[in-house]
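Report on the structure given below.
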Amino acid sequence: MLLTEIRRNQKLAAKRNPMYDRNRFAKFLIYLFTAFWAAYLVLIGVSLSFAFEEDIPGMEPYDALNSVLILFLLIDFLIRFLFPTPAQEIKPYLLLPVSRQRLINTLLVQVGLKLYNLFWLFLFVPFAALTAARYFGVAGVTGYAVGIWLLMTANAYWSILVRALARQHTLWLLLPAAVYGLLALLEFVPSQGMVSQFSMWLGEAFLRWNLLAHAGVLEWPE
């Protein structure tokens with residue numbers, strides 16, 4: 001399978017790097033840093049569950065968090081600019097007798113399977129377990145986790161699209177500015193909070209295992 005071969009080649013390339021020993025120490029630091037932030041996100045999720053119950057008594061805590069999902073997606077979008085794009089990773093394989101489209105599809109699958117897409121669950125799962133499990137049970141929390149993972153995966157593809165276009169011309173960076181600017185207008189100008197209302201519906205749909213919501217997010221990157 002092409003995906004397996006590419007991953008094997010990436011691991012071999014890392015081992016053949018003359019800086020491999022130093023890179024292993026750097027990886028250890030990265031894992032340590034990742035564990036720290038994972039614990040920090042868990043702490044934030046637990047803290048928010050109590051804070052929302054006390055500070056927003058007229059709204060369910062999970063609705064309060066779901067109303068600002070777009071902020072988490074925006075933060076995630078900006079963080080992903082630190083990651084390499086498939087266009088950078090595909091270059092060594094262009095000389096192989098494999099179609100360019102097949103290479104791109106394989107690398108996009110690899111992007112969708114990256115563990116980072118699960119990272120935000122360290123915040124959302126503890127939060128949902130403390131605030132939504134009493135109403136929707138473990139199944140609801142599981143559906144919520146799947147929905148958040150799908151959102152972050154879709155966000156990864158959105159980020160790749162923007163970064164790939166920006167490599168051709170920096171003016172393409174105006175595209176996300178226009179998209180998020182439009183979302184801000186929809187949220188604040190009509191004063192009904194259209195974006196937050198939709199994200200609250202989406203979050204609760206995840207909790208209720210609304211397959212239409214999950215499928216909608218799944219189809220978004222396409």
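Ordered as shown in the structure tokens, chains take letters A, B, and onward, while each chain numbers its residues from 1 and ligands are numbered from 1 in the order shown.
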Which residues, written as a list in words, have at least one atom at most 9 Å from Trp209 of chain A, with only C-alpha atoms counted and residues fewer than 4 positions away on the same chain left out? Ala139, Gly140, Thr142, Gly143, Tyr144, Gly147, Glu204, Ala205, Ala213 and His214 of chain A
Can I get the selection written as a PDB file, in the first residue's frame, with all heavy atoms?
ATOM      1  N   ALA A 139     -22.454   7.336  25.489  1.00  0.00           N
ATOM      2  CA  ALA A 139     -22.638   7.340  24.029  1.00  0.00           C
ATOM      3  C   ALA A 139     -22.637   8.766  23.490  1.00  0.00           C
ATOM      4  O   ALA A 139     -22.068   9.036  22.428  1.00  0.00           O
ATOM      5  CB  ALA A 139     -23.939   6.632  23.665  1.00  0.00           C
ATOM      6  N   GLY A 140     -23.279   9.679  24.219  1.00  0.00           N
ATOM      7  CA  GLY A 140     -23.315  11.070  23.782  1.00  0.00           C
ATOM      8  C   GLY A 140     -21.934  11.700  23.779  1.00  0.00           C
ATOM      9  O   GLY A 140     -21.563  12.416  22.836  1.00  0.00           O
ATOM     10  N   THR A 142     -19.161  10.109  23.458  1.00  0.00           N
ATOM     11  CA  THR A 142     -18.433   9.484  22.345  1.00  0.00           C
ATOM     12  C   THR A 142     -18.793  10.139  21.016  1.00  0.00           C
ATOM     13  O   THR A 142     -17.921  10.438  20.188  1.00  0.00           O
ATOM     14  CB  THR A 142     -18.750   7.974  22.283  1.00  0.00           C
ATOM     15  OG1 THR A 142     -18.419   7.369  23.535  1.00  0.00           O
ATOM     16  CG2 THR A 142     -17.959   7.304  21.171  1.00  0.00           C
ATOM     17  N   GLY A 143     -20.089  10.374  20.800  1.00  0.00           N
ATOM     18  CA  GLY A 143     -20.517  11.055  19.579  1.00  0.00           C
ATOM     19  C   GLY A 143     -19.952  12.453  19.478  1.00  0.00           C
ATOM     20  O   GLY A 143     -19.575  12.917  18.395  1.00  0.00           O
ATOM     21  N   TYR A 144     -19.870  13.129  20.616  1.00  0.00           N
ATOM     22  CA  TYR A 144     -19.292  14.474  20.663  1.00  0.00           C
ATOM     23  C   TYR A 144     -17.812  14.428  20.302  1.00  0.00           C
ATOM     24  O   TYR A 144     -17.323  15.268  19.524  1.00  0.00           O
ATOM     25  CB  TYR A 144     -19.484  15.045  22.059  1.00  0.00           C
ATOM     26  CG  TYR A 144     -19.134  16.503  22.214  1.00  0.00           C
ATOM     27  CD1 TYR A 144     -19.890  17.488  21.579  1.00  0.00           C
ATOM     28  CD2 TYR A 144     -18.073  16.908  23.015  1.00  0.00           C
ATOM     29  CE1 TYR A 144     -19.584  18.826  21.732  1.00  0.00           C
ATOM     30  CE2 TYR A 144     -17.766  18.248  23.179  1.00  0.00           C
ATOM     31  CZ  TYR A 144     -18.521  19.200  22.535  1.00  0.00           C
ATOM     32  OH  TYR A 144     -18.218  20.532  22.682  1.00  0.00           O
ATOM     33  N   GLY A 147     -17.418  13.927  16.632  1.00  0.00           N
ATOM     34  CA  GLY A 147     -17.738  15.158  15.914  1.00  0.00           C
ATOM     35  C   GLY A 147     -16.613  16.173  15.983  1.00  0.00           C
ATOM     36  O   GLY A 147     -16.266  16.810  14.973  1.00  0.00           O
ATOM     37  N   GLU A 204     -24.651  20.036  19.970  1.00  0.00           N
ATOM     38  CA  GLU A 204     -25.686  19.175  20.551  1.00  0.00           C
ATOM     39  C   GLU A 204     -26.039  18.034  19.604  1.00  0.00           C
ATOM     40  O   GLU A 204     -26.360  16.923  20.050  1.00  0.00           O
ATOM     41  CB  GLU A 204     -26.936  19.988  20.892  1.00  0.00           C
ATOM     42  CG  GLU A 204     -27.976  19.166  21.631  1.00  0.00           C
ATOM     43  CD  GLU A 204     -29.036  20.004  22.311  1.00  0.00           C
ATOM     44  OE1 GLU A 204     -28.787  21.206  22.560  1.00  0.00           O
ATOM     45  OE2 GLU A 204     -30.116  19.458  22.603  1.00  0.00           O
ATOM     46  N   ALA A 205     -25.955  18.309  18.294  1.00  0.00           N
ATOM     47  CA  ALA A 205     -26.210  17.240  17.319  1.00  0.00           C
ATOM     48  C   ALA A 205     -25.158  16.141  17.446  1.00  0.00           C
ATOM     49  O   ALA A 205     -25.471  14.955  17.321  1.00  0.00           O
ATOM     50  CB  ALA A 205     -26.208  17.820  15.904  1.00  0.00           C
ATOM     51  N   ALA A 213     -25.324  15.619  11.030  1.00  0.00           N
ATOM     52  CA  ALA A 213     -24.281  16.564  11.439  1.00  0.00           C
ATOM     53  C   ALA A 213     -22.893  15.977  11.213  1.00  0.00           C
ATOM     54  O   ALA A 213     -21.991  16.642  10.683  1.00  0.00           O
ATOM     55  CB  ALA A 213     -24.466  16.940  12.912  1.00  0.00           C
ATOM     56  N   HIS A 214     -22.705  14.715  11.621  1.00  0.00           N
ATOM     57  CA  HIS A 214     -21.413  14.070  11.412  1.00  0.00           C
ATOM     58  C   HIS A 214     -21.083  13.957   9.932  1.00  0.00           C
ATOM     59  O   HIS A 214     -19.951  14.233   9.512  1.00  0.00           O
ATOM     60  CB  HIS A 214     -21.402  12.675  12.051  1.00  0.00           C
ATOM     61  CG  HIS A 214     -21.371  12.687  13.546  1.00  0.00           C
ATOM     62  ND1 HIS A 214     -22.518  12.797  14.304  1.00  0.00           N
ATOM     63  CD2 HIS A 214     -20.337  12.603  14.432  1.00  0.00           C
ATOM     64  CE1 HIS A 214     -22.191  12.770  15.584  1.00  0.00           C
ATOM     65  NE2 HIS A 214     -20.877  12.661  15.694  1.00  0.00           N
TER      66      HIS A 214
END
Could you name the residues that touch segment 48-59 of chain A at 10 Å or less, counting only C-alpha atoms, but leaving out those on the same chain fewer than 6 positions away, as a PyMOL selection string? chain A and resi 42+65+123-124+126-132
Interatomic distance, atom CA of Pro176 of chain A to atom CA of Leu151 of chain A (Å, one decimal): 16.6 Å
Identify, on the basis of only C-alpha atoms, every residue whose closest approach to Gln197 of chain A does not exceed 9 Å; exclude the query and any residue fewer than 3 positions from it along the same chain; express the result as a ChimeraX atom specification. /A:66-67,187,192-194,200-202
Top pick for closest residue to Leu71 of chain A, considering A:Tyr180, A:Ile30, A:Ser47, A:Gln168 and counting only C-alpha atoms: A:Tyr180
